[in-house]
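Data block for my_file.txt (compact mmCIF, C-alpha atoms):
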```txt
# COMPACT_ATOMS: atom_id res chain seq x y z
CA MET A 1 0.00 0.00 0.00
CA ALA A 2 1.56 3.32 -1.06
CA HIS A 3 0.57 6.99 -1.04
CA GLY A 4 -3.14 7.64 -1.21
CA GLU A 5 -4.18 4.41 0.53
CA SER A 6 -5.41 4.36 4.10
CA SER A 7 -7.05 1.87 6.42
CA GLY A 8 -8.18 4.58 8.86
CA GLY A 9 -6.89 5.17 12.37
CA ALA A 10 -3.24 5.00 13.37
CA LEU A 11 -0.75 3.98 10.72
CA LEU A 12 1.79 2.64 13.23
CA GLU A 13 0.71 1.36 16.64
CA ILE A 14 3.35 0.02 19.04
CA SER A 15 2.02 -1.47 22.26
CA ASP A 16 4.10 -2.48 25.32
CA LEU A 17 7.05 -3.53 23.15
CA ARG A 18 9.77 -5.35 25.08
CA ALA A 19 12.74 -6.58 23.11
CA GLY A 20 16.50 -7.03 23.18
CA ILE A 21 19.50 -8.92 21.91
CA GLU A 22 21.41 -11.91 23.30
CA ASP A 23 19.27 -12.13 26.47
CA LYS A 24 19.75 -8.42 27.22
CA GLN A 25 16.50 -6.48 27.42
CA ILE A 26 16.86 -3.10 25.69
CA LEU A 27 13.28 -1.95 25.09
CA LYS A 28 11.29 -2.12 28.32
CA GLY A 29 7.73 -1.38 27.32
CA ILE A 30 7.38 1.05 24.40
CA ASP A 31 4.02 2.58 23.46
CA LEU A 32 3.85 4.73 20.34
CA SER A 33 1.14 5.72 17.86
CA ILE A 34 1.66 7.59 14.58
CA ASP A 35 -1.17 8.72 12.29
CA PRO A 36 -0.98 9.05 8.49
CA GLY A 37 0.70 12.27 7.40
CA GLU A 38 2.58 12.64 10.68
CA ILE A 39 6.28 12.84 11.43
CA HIS A 40 7.45 11.78 14.88
CA ALA A 41 10.95 11.87 16.36
CA ILE A 42 12.67 9.71 18.95
CA MET A 43 15.55 11.34 20.79
CA GLY A 44 17.88 9.97 23.43
CA ARG A 45 21.45 9.35 24.43
CA ASN A 46 23.60 6.58 22.98
CA GLY A 47 22.46 3.21 24.33
CA SER A 48 18.93 4.33 25.13
CA GLY A 49 17.37 1.92 22.60
CA LYS A 50 16.65 4.21 19.63
CA THR A 51 18.32 2.09 16.94
CA THR A 52 16.99 -1.09 18.55
CA ALA A 53 13.46 0.25 18.10
CA ALA A 54 14.16 0.91 14.41
CA ASN A 55 15.61 -2.58 13.91
CA ILE A 56 12.67 -4.24 15.65
CA ILE A 57 10.13 -2.46 13.44
CA MET A 58 12.08 -3.42 10.31
CA GLY A 59 12.65 -7.01 11.46
CA HIS A 60 16.40 -7.32 12.04
CA PRO A 61 16.99 -11.03 12.76
CA ASP A 62 19.51 -10.42 15.60
CA PHE A 63 16.89 -8.82 17.85
CA GLU A 64 14.30 -10.78 19.81
CA VAL A 65 10.85 -9.55 20.78
CA GLU A 66 9.78 -10.71 24.24
CA SER A 67 6.27 -9.26 24.16
CA GLY A 68 4.14 -6.51 22.70
CA ARG A 69 2.76 -5.63 19.29
CA VAL A 70 3.86 -3.58 16.29
CA MET A 71 0.90 -2.92 14.02
CA LEU A 72 0.97 -1.25 10.60
CA SER A 73 -2.55 -0.27 9.53
CA GLY A 74 -3.90 -3.12 11.66
CA GLU A 75 -1.44 -5.75 10.40
CA ASP A 76 1.00 -7.32 12.85
CA LEU A 77 4.49 -6.63 11.51
CA LEU A 78 6.04 -9.04 13.99
CA GLU A 79 4.43 -11.91 12.06
CA LEU A 80 6.22 -10.91 8.84
CA GLU A 81 9.74 -11.52 7.54
CA THR A 82 11.93 -8.48 6.91
CA TRP A 83 11.40 -8.56 3.14
CA GLU A 84 7.64 -8.87 3.66
CA ARG A 85 7.68 -5.75 5.83
CA ALA A 86 9.49 -3.91 3.04
CA ARG A 87 6.83 -5.06 0.56
CA GLU A 88 4.15 -3.83 2.96
CA GLY A 89 5.72 -0.37 2.88
CA VAL A 90 8.26 -0.18 5.72
CA PHE A 91 11.44 1.70 4.79
CA LEU A 92 14.58 1.96 6.94
CA SER A 93 17.24 4.54 6.22
CA PHE A 94 20.49 3.05 7.50
CA GLN A 95 22.87 4.91 9.76
CA TYR A 96 25.81 3.44 7.84
CA PRO A 97 24.70 2.43 4.29
CA GLN A 98 26.79 -0.26 2.61
CA ALA A 99 28.64 0.26 -0.67
CA VAL A 100 27.78 -2.01 -3.62
CA PRO A 101 30.61 -1.68 -6.17
CA GLY A 102 29.52 -2.56 -9.70
CA LEU A 103 25.83 -1.71 -9.23
CA GLN A 104 24.91 1.62 -10.82
CA VAL A 105 22.61 3.94 -8.90
CA GLY A 106 20.20 4.30 -11.84
CA ASN A 107 19.77 0.55 -12.23
CA PHE A 108 19.44 0.06 -8.50
CA LEU A 109 16.68 2.66 -8.25
CA ARG A 110 14.73 1.26 -11.18
CA LYS A 111 14.91 -2.31 -9.86
CA SER A 112 13.99 -1.19 -6.34
CA VAL A 113 10.91 0.67 -7.55
CA ALA A 114 9.90 -2.32 -9.69
CA SER A 115 10.25 -4.65 -6.71
CA ILE A 116 8.32 -2.49 -4.23
CA ARG A 117 5.79 -0.59 -6.36
CA GLY A 118 5.50 -2.91 -9.37
CA GLU A 119 7.05 -3.13 -12.81
CA GLU A 120 4.81 -0.48 -14.36
CA ALA A 121 5.94 2.14 -11.82
CA ALA A 122 9.54 1.72 -12.98
CA LYS A 123 8.89 2.22 -16.69
CA GLY A 124 8.66 5.07 -19.15
CA ALA A 125 8.32 8.81 -18.86
CA ASP A 126 6.43 8.77 -15.57
CA PHE A 127 9.34 7.09 -13.78
CA ARG A 128 11.87 9.42 -15.39
CA ASN A 129 9.83 12.46 -14.37
CA GLU A 130 9.52 11.18 -10.78
CA LEU A 131 13.24 10.51 -10.67
CA ASN A 132 14.13 13.94 -12.05
CA ASP A 133 11.78 15.72 -9.63
CA ALA A 134 13.20 13.82 -6.65
CA MET A 135 16.79 14.54 -7.70
CA ASP A 136 15.96 18.23 -8.09
CA THR A 137 14.40 18.30 -4.60
CA LEU A 138 17.65 16.89 -3.17
CA ASN A 139 20.06 18.86 -5.39
CA ILE A 140 21.50 15.65 -6.84
CA PRO A 141 23.21 15.97 -10.26
CA ARG A 142 22.26 13.60 -13.11
CA SER A 143 25.81 12.22 -13.17
CA PHE A 144 24.98 10.57 -9.84
CA LEU A 145 22.97 7.88 -11.68
CA SER A 146 26.04 6.34 -13.32
CA ARG A 147 27.99 5.99 -10.08
CA TYR A 148 28.07 2.76 -8.06
CA VAL A 149 25.80 2.49 -5.03
CA ASN A 150 27.45 4.24 -2.06
CA ASP A 151 30.90 3.49 -3.53
CA GLY A 152 33.13 6.44 -2.68
CA PHE A 153 30.14 8.52 -1.59
CA SER A 154 30.68 11.24 0.99
CA GLY A 155 28.57 11.13 4.13
CA GLY A 156 26.24 13.76 2.71
CA GLU A 157 25.87 11.90 -0.60
CA LYS A 158 24.93 8.70 1.22
CA LYS A 159 22.20 10.48 3.16
CA ARG A 160 20.84 12.21 0.06
CA PHE A 161 20.77 8.86 -1.71
CA GLU A 162 18.77 7.33 1.15
CA ILE A 163 16.19 10.12 0.88
CA LEU A 164 16.12 9.76 -2.91
CA GLN A 165 15.11 6.13 -2.40
CA LEU A 166 12.46 7.26 0.07
CA LEU A 167 10.92 9.67 -2.45
CA LEU A 168 10.84 7.04 -5.19
CA LEU A 169 9.70 4.02 -3.18
CA LYS A 170 6.85 5.94 -1.48
CA PRO A 171 6.68 3.72 1.63
CA ARG A 172 3.84 3.83 4.12
CA LEU A 173 6.27 4.12 7.03
CA ALA A 174 9.75 5.64 6.78
CA ILE A 175 12.17 5.06 9.66
CA LEU A 176 15.14 7.40 9.44
CA ASP A 177 17.95 6.33 11.75
CA GLU A 178 20.26 9.30 12.39
CA THR A 179 19.87 10.55 8.83
CA ASP A 180 21.27 13.90 9.93
CA SER A 181 24.58 12.59 11.29
CA GLY A 182 27.60 14.05 9.51
CA LEU A 183 25.58 16.59 7.50
CA ASP A 184 26.32 20.29 7.28
CA ILE A 185 23.46 22.78 7.60
CA ASP A 186 22.75 22.80 3.84
CA GLY A 187 22.64 19.01 3.80
CA ILE A 188 20.25 18.96 6.76
CA LYS A 189 17.91 21.43 5.04
CA THR A 190 17.95 19.37 1.84
CA VAL A 191 17.27 16.07 3.63
CA ALA A 192 14.51 17.70 5.69
CA ALA A 193 12.87 18.99 2.49
CA GLY A 194 12.89 15.44 1.13
CA VAL A 195 11.32 14.00 4.28
CA ASN A 196 8.61 16.66 4.28
CA ALA A 197 7.91 16.03 0.58
CA ALA A 198 7.57 12.28 1.23
CA VAL A 199 5.14 12.59 4.17
CA ARG A 200 3.29 15.89 4.48
CA GLY A 201 -0.11 15.78 2.82
CA THR A 202 0.07 12.02 2.19
CA GLU A 203 -1.14 8.84 3.89
CA SER A 204 2.44 7.91 4.80
CA ALA A 205 4.31 8.64 8.05
CA ALA A 206 7.87 8.94 9.27
CA LEU A 207 9.79 8.18 12.46
CA ILE A 208 13.04 10.12 12.77
CA ILE A 209 15.68 8.86 15.20
CA THR A 210 18.22 11.50 16.12
CA HIS A 211 20.50 12.94 18.79
CA TYR A 212 20.07 16.52 17.72
CA SER A 213 17.35 19.10 17.18
CA ARG A 214 18.86 20.54 13.98
CA ILE A 215 16.94 18.43 11.47
CA LEU A 216 13.78 18.76 13.57
CA GLU A 217 13.94 22.54 13.25
CA HIS A 218 13.32 22.05 9.51
CA VAL A 219 11.03 19.01 9.62
CA LYS A 220 8.93 20.29 12.56
CA PRO A 221 7.72 16.91 13.85
CA ASP A 222 4.22 16.47 15.20
CA LYS A 223 5.60 14.79 18.31
CA VAL A 224 9.00 14.26 19.93
CA HIS A 225 9.51 11.25 22.22
CA VAL A 226 12.45 10.94 24.59
CA LEU A 227 13.77 7.42 25.13
CA ILE A 228 15.78 6.74 28.29
CA ASP A 229 16.92 3.25 29.29
CA GLY A 230 14.45 1.55 26.97
CA ARG A 231 11.40 3.59 27.93
CA ILE A 232 9.67 6.64 26.49
CA VAL A 233 9.69 8.94 29.52
CA ILE A 234 8.27 12.12 27.99
CA SER A 235 6.60 13.22 24.75
CA GLY A 236 5.93 16.70 23.45
CA GLY A 237 5.99 18.99 20.45
CA PRO A 238 8.97 20.37 18.51
CA GLU A 239 9.78 22.67 21.42
CA LEU A 240 10.86 19.62 23.44
CA ALA A 241 13.73 19.00 20.99
CA THR A 242 14.89 22.59 21.42
CA GLU A 243 14.76 22.25 25.21
CA LEU A 244 16.89 19.10 25.00
CA GLU A 245 19.41 20.88 22.80
CA ASP A 246 19.67 23.70 25.34
CA ASN A 247 19.55 21.74 28.60
CA GLY A 248 20.53 18.13 27.87
CA TYR A 249 18.85 15.01 29.28
CA ASP A 250 19.67 15.24 32.99
CA TRP A 251 16.49 17.11 33.91
CA ILE A 252 14.34 14.53 32.13
CA GLU A 253 16.14 11.65 33.83
CA GLU A 254 15.68 13.28 37.23
CA ARG A 255 12.00 13.87 36.59
CA ALA A 256 11.48 10.33 35.30
CA GLU A 257 13.17 8.87 38.36
CA ALA A 258 11.06 11.04 40.65
CA GLU A 259 7.91 9.83 38.92
CA GLY A 260 9.09 6.22 38.93
CA VAL A 261 9.16 6.01 35.12
CA ALA A 262 12.89 5.32 34.68
```

Kindly return the structure encoded in the file as C-alpha cells.
Amino acid sequence: MAHGESSGGALLEISDLRAGIEDKQILKGIDLSIDPGEIHAIMGRNGSGKTTAANIIMGHPDFEVESGRVMLSGEDLLELETWERAREGVFLSFQYPQAVPGLQVGNFLRKSVASIRGEEAAKGADFRNELNDAMDTLNIPRSFLSRYVNDGFSGGEKKRFEILQLLLLKPRLAILDETDSGLDIDGIKTVAAGVNAAVRGTESAALIITHYSRILEHVKPDKVHVLIDGRIVISGGPELATELEDNGYDWIEERAEAEGVA
C-alpha cells in the first residue's frame, strides 16, 4: 500500500514492546502511535534503545521480541519476515549504508521501484519524471545515476541517496535512523525537504531517530519522544527538541526517576 491508501486510524501502533539482543532487554515497554501524514521523532542518548526500536520495526533477525505488538494499519508486523515488511511499505534509512561496487545507482533505483511498487511504476516517462523531480528536490546531479551504489560517496551523498530512495519508493512508514549525522546545515535542510515532501499531505508517516534538534527545526515533527533506558519517559511537540538541545537530558532523567518512570 503506497501513497493515497489508508485503512483509517493510526498507521503505526506500538504497544508495550519489550525486546533485546542476546538475552539483554533493551526496550522495556514502548508505546507509540503515529497517524498518516505525521512525522514523529525519537531522541535519546547513545544506548537508550533508539536504533533497537528501528531494527525491531524493520525485522532485524539479531533482535528478539519478548512481548508486545507492532501494528501497521492493523497488520502485525512481527508476524512478517523483513522482506515482507518492506513489501508492505516499511522503509529503513540506514545509519551506515553499505557500498555495492559494480551496481549503478540508476539501475538500483529502477529495480527497487519495480520490486516495491510494481514493474509499471519503474517504466517510461512517468518514472523518469519522478526521478528527475526527486533529484531536483535533493540537489543531486544527473551524473549521480552512473555511479556505483554508495561506492566512494561522501557522508552527505549517502544520506541524500537514502532520501532519494524514500521519495521514489513511497513507503507507508519511513524510519530514518540518524539521517542527519555528519551533515552540514545545507545538507540537513535538503534532507529535511525530502522528508517533508515524502510525508506531508500524504497517507504515509515517518519516524526520525536523532541525537540533535537541527533536522527537527526544519522538519517540525508532530511529536517528539524521549527514550531513556528503553522507555519513552516524555513526549511533546517540537519545542521539546529545542529544550533538550539547550539543557541536555539530565532534567528529564531526574524527573522520570522522581515519577518512577525510569

From A:Asn107, A:Asn132, A:Ser181, A:Thr210, residue lying nearest Lys158 of chain A [only C-alpha atoms] =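 Of A:Asn107, A:Asn132, A:Ser181, A:Thr210, the one nearest Lys158 of chain A, counting only C-alpha atoms, is A:Ser181.
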
Please report, as a tab-separated table, each residue of segment 9-109 of chain A lying at most 9 Å from segment 164-172 of chain A, together with the nearest pair of atoms and the separation in Å rounded to one decimal; use only C-alpha atoms, and order rows by chain and ascending residue number.
```
residue	atom	partner	partner_atom	distance
A:Leu11	CA	A:Arg172	CA	8.0
A:Pro36	CA	A:Arg172	CA	8.3
A:Leu72	CA	A:Arg172	CA	8.7
A:Ala86	CA	A:Pro171	CA	8.3
A:Arg87	CA	A:Pro171	CA	8.8
A:Glu88	CA	A:Arg172	CA	7.8
A:Gly89	CA	A:Pro171	CA	4.4
A:Val90	CA	A:Pro171	CA	5.9
A:Phe91	CA	A:Pro171	CA	6.1
A:Leu92	CA	A:Leu166	CA	8.9
A:Ser93	CA	A:Leu166	CA	8.3
A:Leu109	CA	A:Gln165	CA	7.0
```

Please provide as a ChimeraX atom specification all residues within 9 Å of Ile234 of chain A, with the sequence filter that same-chain residues fewer than 5 positions apart are discarded (counting only C-alpha atoms).
-> /A:224-227,252,256

For the selection just defined, write its residues with C-alpha atoms to a file, as a CSV table (one decimal), keeping the file's coordinate frame.
```csv
chain,number,residue,atom,x,y,z
A,224,VAL,CA,9.0,14.3,19.9
A,225,HIS,CA,9.5,11.2,22.2
A,226,VAL,CA,12.4,10.9,24.6
A,227,LEU,CA,13.8,7.4,25.1
A,252,ILE,CA,14.3,14.5,32.1
A,256,ALA,CA,11.5,10.3,35.3
```

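The point (15.4, 2.5, 17.6) has these residues within 9 Å of it, counting only C-alpha atoms: Leu27, Ile42, Ser48, Gly49, Lys50, Thr51, Thr52, Ala53, Ala54, Asn55, Ile56, Ile57, Ile175, Asp177 and Ile209 of chain A.
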
Separation of atom CA of Gln25 of chain A and atom CA of Ile228 of chain A, in Å?
->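 Value for the atom CA of Gln25 of chain A-atom CA of Ile228 of chain A distance: 13.3 Å.
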
Using all atoms listed in the file, which of the listed residues (A:Ala122, A:Tyr148, A:Asn129, A:Phe63) sits closest to Leu103 of chain A?
->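 Counting all atoms listed in the file, the residue closest to Leu103 of chain A is A:Tyr148.
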
Have a look at atom CA of Ser67 of chain A and atom CA of Asp31 of chain A and let me know their distance in Å, one decimal.
-> 12.1 Å

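The residue set within 12 Å of Asp133 of chain A, counting only C-alpha atoms and dropping same-chain residues fewer than 3 places from it, reads Asp126, Phe127, Arg128, Asn129, Glu130, Asp136, Thr137, Leu138, Asn139, Ile140, Pro141, Arg142, Leu164, Leu167, Leu168, Gly194 and Ala197 of chain A.
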
Within 8 Å of segment 150-153 of chain A using only C-alpha atoms, minus same-chain residues under 2 positions, as a list in words =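 After dropping sequence-adjacent residues, the list is Pro97, Gln98, Ala99, Val100, Pro101, Arg147, Tyr148, Gly155, Gly156, Glu157 and Lys158 of chain A.
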
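We find atom CA of Glu239 of chain A and atom CA of Glu162 of chain A to be spaced 27.0 Å apart.
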
Residues near Ala205 of chain A, anyone? I mean within 9 Å using all atoms listed in the file, not counting same-chain ones fewer than 5 positions away, as a PDB file with C-alpha atoms, in the coordinates of the input.
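And here's selection-v7.pdb as it stands now:
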```pdb
ATOM      1  CA  LEU A  11      -0.750   3.980  10.720  1.00  0.00           C
ATOM      2  CA  LEU A  12       1.790   2.640  13.230  1.00  0.00           C
ATOM      3  CA  ILE A  34       1.660   7.590  14.580  1.00  0.00           C
ATOM      4  CA  ASP A  35      -1.170   8.720  12.290  1.00  0.00           C
ATOM      5  CA  PRO A  36      -0.980   9.050   8.490  1.00  0.00           C
ATOM      6  CA  GLY A  37       0.700  12.270   7.400  1.00  0.00           C
ATOM      7  CA  GLU A  38       2.580  12.640  10.680  1.00  0.00           C
ATOM      8  CA  ILE A  39       6.280  12.840  11.430  1.00  0.00           C
ATOM      9  CA  HIS A  40       7.450  11.780  14.880  1.00  0.00           C
ATOM     10  CA  PRO A 171       6.680   3.720   1.630  1.00  0.00           C
ATOM     11  CA  ARG A 172       3.840   3.830   4.120  1.00  0.00           C
ATOM     12  CA  LEU A 173       6.270   4.120   7.030  1.00  0.00           C
ATOM     13  CA  ALA A 174       9.750   5.640   6.780  1.00  0.00           C
ATOM     14  CA  ILE A 175      12.170   5.060   9.660  1.00  0.00           C
ATOM     15  CA  ALA A 198       7.570  12.280   1.230  1.00  0.00           C
ATOM     16  CA  VAL A 199       5.140  12.590   4.170  1.00  0.00           C
ATOM     17  CA  ARG A 200       3.290  15.890   4.480  1.00  0.00           C
TER      18      ARG A 200
END
```
